[in-house]
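Here's the structure we're looking at; comments come further down.
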Amino acid sequence: MPFGGGLLGNDRKVHLRSLAGFGKNPNVGAVVLLGSDAPRMAALADGIRSAGKPVTSICLDDCSHDSLQLSSRAITEGASLHREISRQRRRKIPLAKLFVGTECGRSDPSSGLIANPIIGRVVDTIVDLGGRAVFGETLEWLGAEHLLKRRAASAEIGNRICEAVHRRERLAVSHGISLTGNNPNPTNVAAGLSTIEEKSLGAVTKSGTTPIIGVLEPGQRPVEAGLFAMDAPSFSPESLSGFVAAGSQILLFSTGVGNSYVSALAPTIKLSANPEAASRLIHQLDFDASGVLEGNLPIEQASKNLLDLLVETASGSLTWGEVLGEGDEVVSRYGEAL
């Protein structure tokens, strides 16, 4: 990721943890590190190698500060690594090995009523089988935090959930920001969501019904199986990147009216239950759940179909985002830099 110089405190910690997490993600076969800070690059390379990844580190100092030479070496050494990892072959693994991240963006009423509950059912299945799942978008717990607290595996976890969302509410208030018009944003409001509480009650259904066994920071990897909350920004690029840096291999991302953002490192299955969006965005949405809203498809069957698509995608079928070469990763910033 660019622009890592001069970072302090939490920004530095999140930046370095995210870079290491991207490199260690199971979807990444090998890593070429480029930069100008030799000690930091060496530490990062060692951390990624600890996950068994081949790593090449090229510092600008090693190229006589010639960016063209840096690029040339990166292409050559990257090509060698690419060829090396092409010898790897897929093998069958249980669903318990999956770590699924869940997201929603540009939501409308169909998101909270249909699409997000379908994701929640898939999350329940993955967790019940011994896998991992995570949900985030902390501000979109506001108004529903009491429901999440009831599912917390301990009082401490429940209190952390509530404090996380109330801290972000205080942050908005202290900066004179009205959540109406910001979250929900104008698109959400035009689509039929009037308040953050209304949006949150639909958003949290992505988490399913199983106990919440921990609260993660952005990019923090869970050490055990189960369902986790991630205390992170609700902006989709930052949220998804937090999941991927934490190790999520695949993402379920619902939308109401449409949202084209996907992760660069994790296949992102986009779904909607909005009939108009589903018919319009045929090269953006991977899963059409509008039949449930229209009464033509039981939600139980739609959930099974989404689980089947998740397995197909984990087995190599491409999402529209992958086919079209879309995607990025974004690391949050929280304060000033030197």
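Letters A, B, ... mark the chains of the structure tokens in the order given; residue numbers begin at 1 per chain; ligand numbers begin at 1, in order shown.
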Item to check | Selection near Pro109 of chain A, 7 Å with only C-alpha atoms, sequence-local residues under 3 positions removed, as a VMD selection string | outcome: chain A and resid 112 to 113 192 to 193
Item to check | Polymer residues at most 12 Å from Arg49 of chain A, only C-alpha atoms, same-chain spacing of 2 or more positions, as an NGL selection string | outcome: :A and (20-21 or 23-25 or 28-33 or 42-47 or 51-57)
Dump as a PDB file, in the first residue's frame, selection limited to C-alpha atoms:
```pdb
ATOM      1  CA  ALA A  20       1.306  -8.285   6.758  1.00  0.00           C
ATOM      2  CA  GLY A  21      -2.277  -9.565   6.688  1.00  0.00           C
ATOM      3  CA  GLY A  23       0.578 -10.945   2.357  1.00  0.00           C
ATOM      4  CA  LYS A  24      -0.480 -13.787   4.645  1.00  0.00           C
ATOM      5  CA  ASN A  25      -4.012 -14.089   3.240  1.00  0.00           C
ATOM      6  CA  VAL A  28      -2.042 -14.892  -1.926  1.00  0.00           C
ATOM      7  CA  GLY A  29       0.464 -17.359  -3.365  1.00  0.00           C
ATOM      8  CA  ALA A  30       3.588 -15.189  -3.313  1.00  0.00           C
ATOM      9  CA  VAL A  31       4.525 -11.599  -2.569  1.00  0.00           C
ATOM     10  CA  VAL A  32       6.719  -8.955  -4.203  1.00  0.00           C
ATOM     11  CA  LEU A  33       7.421  -6.128  -1.748  1.00  0.00           C
ATOM     12  CA  ALA A  42      12.759  -6.644   6.015  1.00  0.00           C
ATOM     13  CA  ALA A  43      10.510  -7.030   9.053  1.00  0.00           C
ATOM     14  CA  LEU A  44       7.424  -7.252   6.851  1.00  0.00           C
ATOM     15  CA  ALA A  45       9.035  -9.844   4.573  1.00  0.00           C
ATOM     16  CA  ASP A  46      10.016 -11.993   7.556  1.00  0.00           C
ATOM     17  CA  GLY A  47       6.471 -11.832   8.893  1.00  0.00           C
ATOM     18  CA  ALA A  51       3.133 -18.000   6.869  1.00  0.00           C
ATOM     19  CA  GLY A  52       5.029 -20.086   4.312  1.00  0.00           C
ATOM     20  CA  LYS A  53       4.788 -17.607   1.440  1.00  0.00           C
ATOM     21  CA  PRO A  54       7.605 -17.030  -1.077  1.00  0.00           C
ATOM     22  CA  VAL A  55       8.611 -13.361  -0.752  1.00  0.00           C
ATOM     23  CA  THR A  56      10.856 -11.089  -2.810  1.00  0.00           C
ATOM     24  CA  SER A  57      11.696  -7.699  -1.323  1.00  0.00           C
TER      25      SER A  57
END
```
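The closest residue to Ala229 of chain A, picked from A:Leu147, A:Leu129, A:Ile299, A:Val134 and counting only C-alpha atoms, is A:Val134.
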Using only C-alpha atoms, determine which residues lie at most 8 Å from Pro117 of chain A, disregarding the query and same-chain residues fewer than 5 positions distant; provide the list as a CSV table (one decimal) with N, CA and C atoms, in the first residue's frame.
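Generated output (out-v9.csv):
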```
chain,number,residue,atom,x,y,z
A,112,GLY,N,-32.2,-5.4,4.1
A,112,GLY,CA,-32.5,-5.8,5.5
A,112,GLY,C,-33.5,-6.9,5.6
A,205,THR,N,-28.4,-8.3,10.5
A,205,THR,CA,-28.9,-9.7,10.2
A,205,THR,C,-27.9,-10.5,9.3
A,206,LYS,N,-26.9,-9.8,8.8
A,206,LYS,CA,-25.8,-10.5,8.0
A,206,LYS,C,-25.0,-11.4,9.0
A,208,GLY,N,-26.1,-13.4,11.2
A,208,GLY,CA,-26.7,-14.7,11.5
A,208,GLY,C,-27.2,-14.7,13.0
```
With 8 Å as the cut-off and only C-alpha atoms counted, what is the closest atom pair between each nearby residue of segment 237-294 of chain A and segment 308-322 of chain A? Distances in Å to one decimal, ordered by chain and number, as JSON lines.
```
{"residue": "A:Ile250", "atom": "CA", "partner": "A:Ala314", "partner_atom": "CA", "distance": 7.2}
{"residue": "A:Val262", "atom": "CA", "partner": "A:Gly321", "partner_atom": "CA", "distance": 6.3}
{"residue": "A:Pro267", "atom": "CA", "partner": "A:Thr319", "partner_atom": "CA", "distance": 6.4}
{"residue": "A:Thr268", "atom": "CA", "partner": "A:Thr319", "partner_atom": "CA", "distance": 6.7}
{"residue": "A:Ile269", "atom": "CA", "partner": "A:Thr319", "partner_atom": "CA", "distance": 6.3}
{"residue": "A:His283", "atom": "CA", "partner": "A:Trp320", "partner_atom": "CA", "distance": 6.2}
{"residue": "A:Gln284", "atom": "CA", "partner": "A:Trp320", "partner_atom": "CA", "distance": 5.7}
{"residue": "A:Leu285", "atom": "CA", "partner": "A:Trp320", "partner_atom": "CA", "distance": 7.1}
{"residue": "A:Asp286", "atom": "CA", "partner": "A:Thr319", "partner_atom": "CA", "distance": 6.4}
```
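Here the question is which of A:Cys104, A:Cys162, A:Ile157, A:Leu227 gets nearest to Asn188 of chain A using only C-alpha atoms, and that residue is A:Cys104.
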Next on the checklist: With distances taken over only C-alpha atoms, which residue among A:Leu139, A:Glu224, A:Ala133, A:Cys59 lies nearest Asn182 of chain A?
Outcome noted: A:Leu139
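Separating atom CA of Gly143 of chain A from atom CA of Glu163 of chain A is a distance of 12.8 Å.
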Item to check | Residue list (alpha helix (DSSP H), DSSP) for segment 28-156 of chain A, as a ChimeraX atom specification | outcome: /A:38-49,67-85,109-110,116-128,145-151,155-156
Checklist entry - Mind checking DSSP for segment 72-246 of chain A and telling me the strand (DSSP E or B) residues as JSON, numbers by chain? => result {"A": [99, 100, 101, 102, 103, 104, 105, 132, 133, 134, 135, 152, 212, 213, 214, 215, 216, 226, 227, 228, 229, 230]}
Item to check | Spatial neighbours of Leu8 of chain A, 12 Å, only C-alpha atoms, chain gap at least 6 places, as a PyMOL selection string | outcome: chain A and resi 14-16+333-338
Checklist outcome for this item: Closest of A:Glu197, A:Glu276, A:Asp124, A:Asp288 to Gly226 of chain A, counting only C-alpha atoms, is A:Asp124
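Taking only C-alpha atoms, the non-local environment of Glu140 of chain A within 10 Å (same-chain residues fewer than 4 positions away omitted) comprises Gly136, Ala144, Glu145, Val165, Arg168, Asn183, Pro184, Ile196, Glu197, Glu198, Lys199, Ser200, Leu201, Gly202, Ala203, Val204, Pro233 and Ser234 of chain A.
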Checklist entry - Do you know which residues are at most 9 Å from Glu300 of chain A counting only C-alpha atoms, after dropping those on the same chain fewer than 5 positions away, and could you put them as a VMD selection string? => result chain A and resid 118 121 305
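Here atom CA of Thr138 of chain A is placed at a distance of 26.9 Å from atom CA of Leu95 of chain A.
Reported to one decimal place, the separation of atom CA of Phe243 of chain A from atom CA of Met41 of chain A is 22.6 Å.
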Next on the checklist: So, with only C-alpha atoms as the atoms that count, which of A:Arg106, A:Ile213, A:Leu271, A:Pro298 lies closest to Glu156 of chain A?
Outcome noted: A:Ile213
Next on the checklist: With only C-alpha atoms as the counted atoms, please give the residues lying no more than 6 Å from Gly256 of chain A, apart from itself and same-chain residues fewer than 5 positions off, as a count of residues only.
Outcome noted: 6
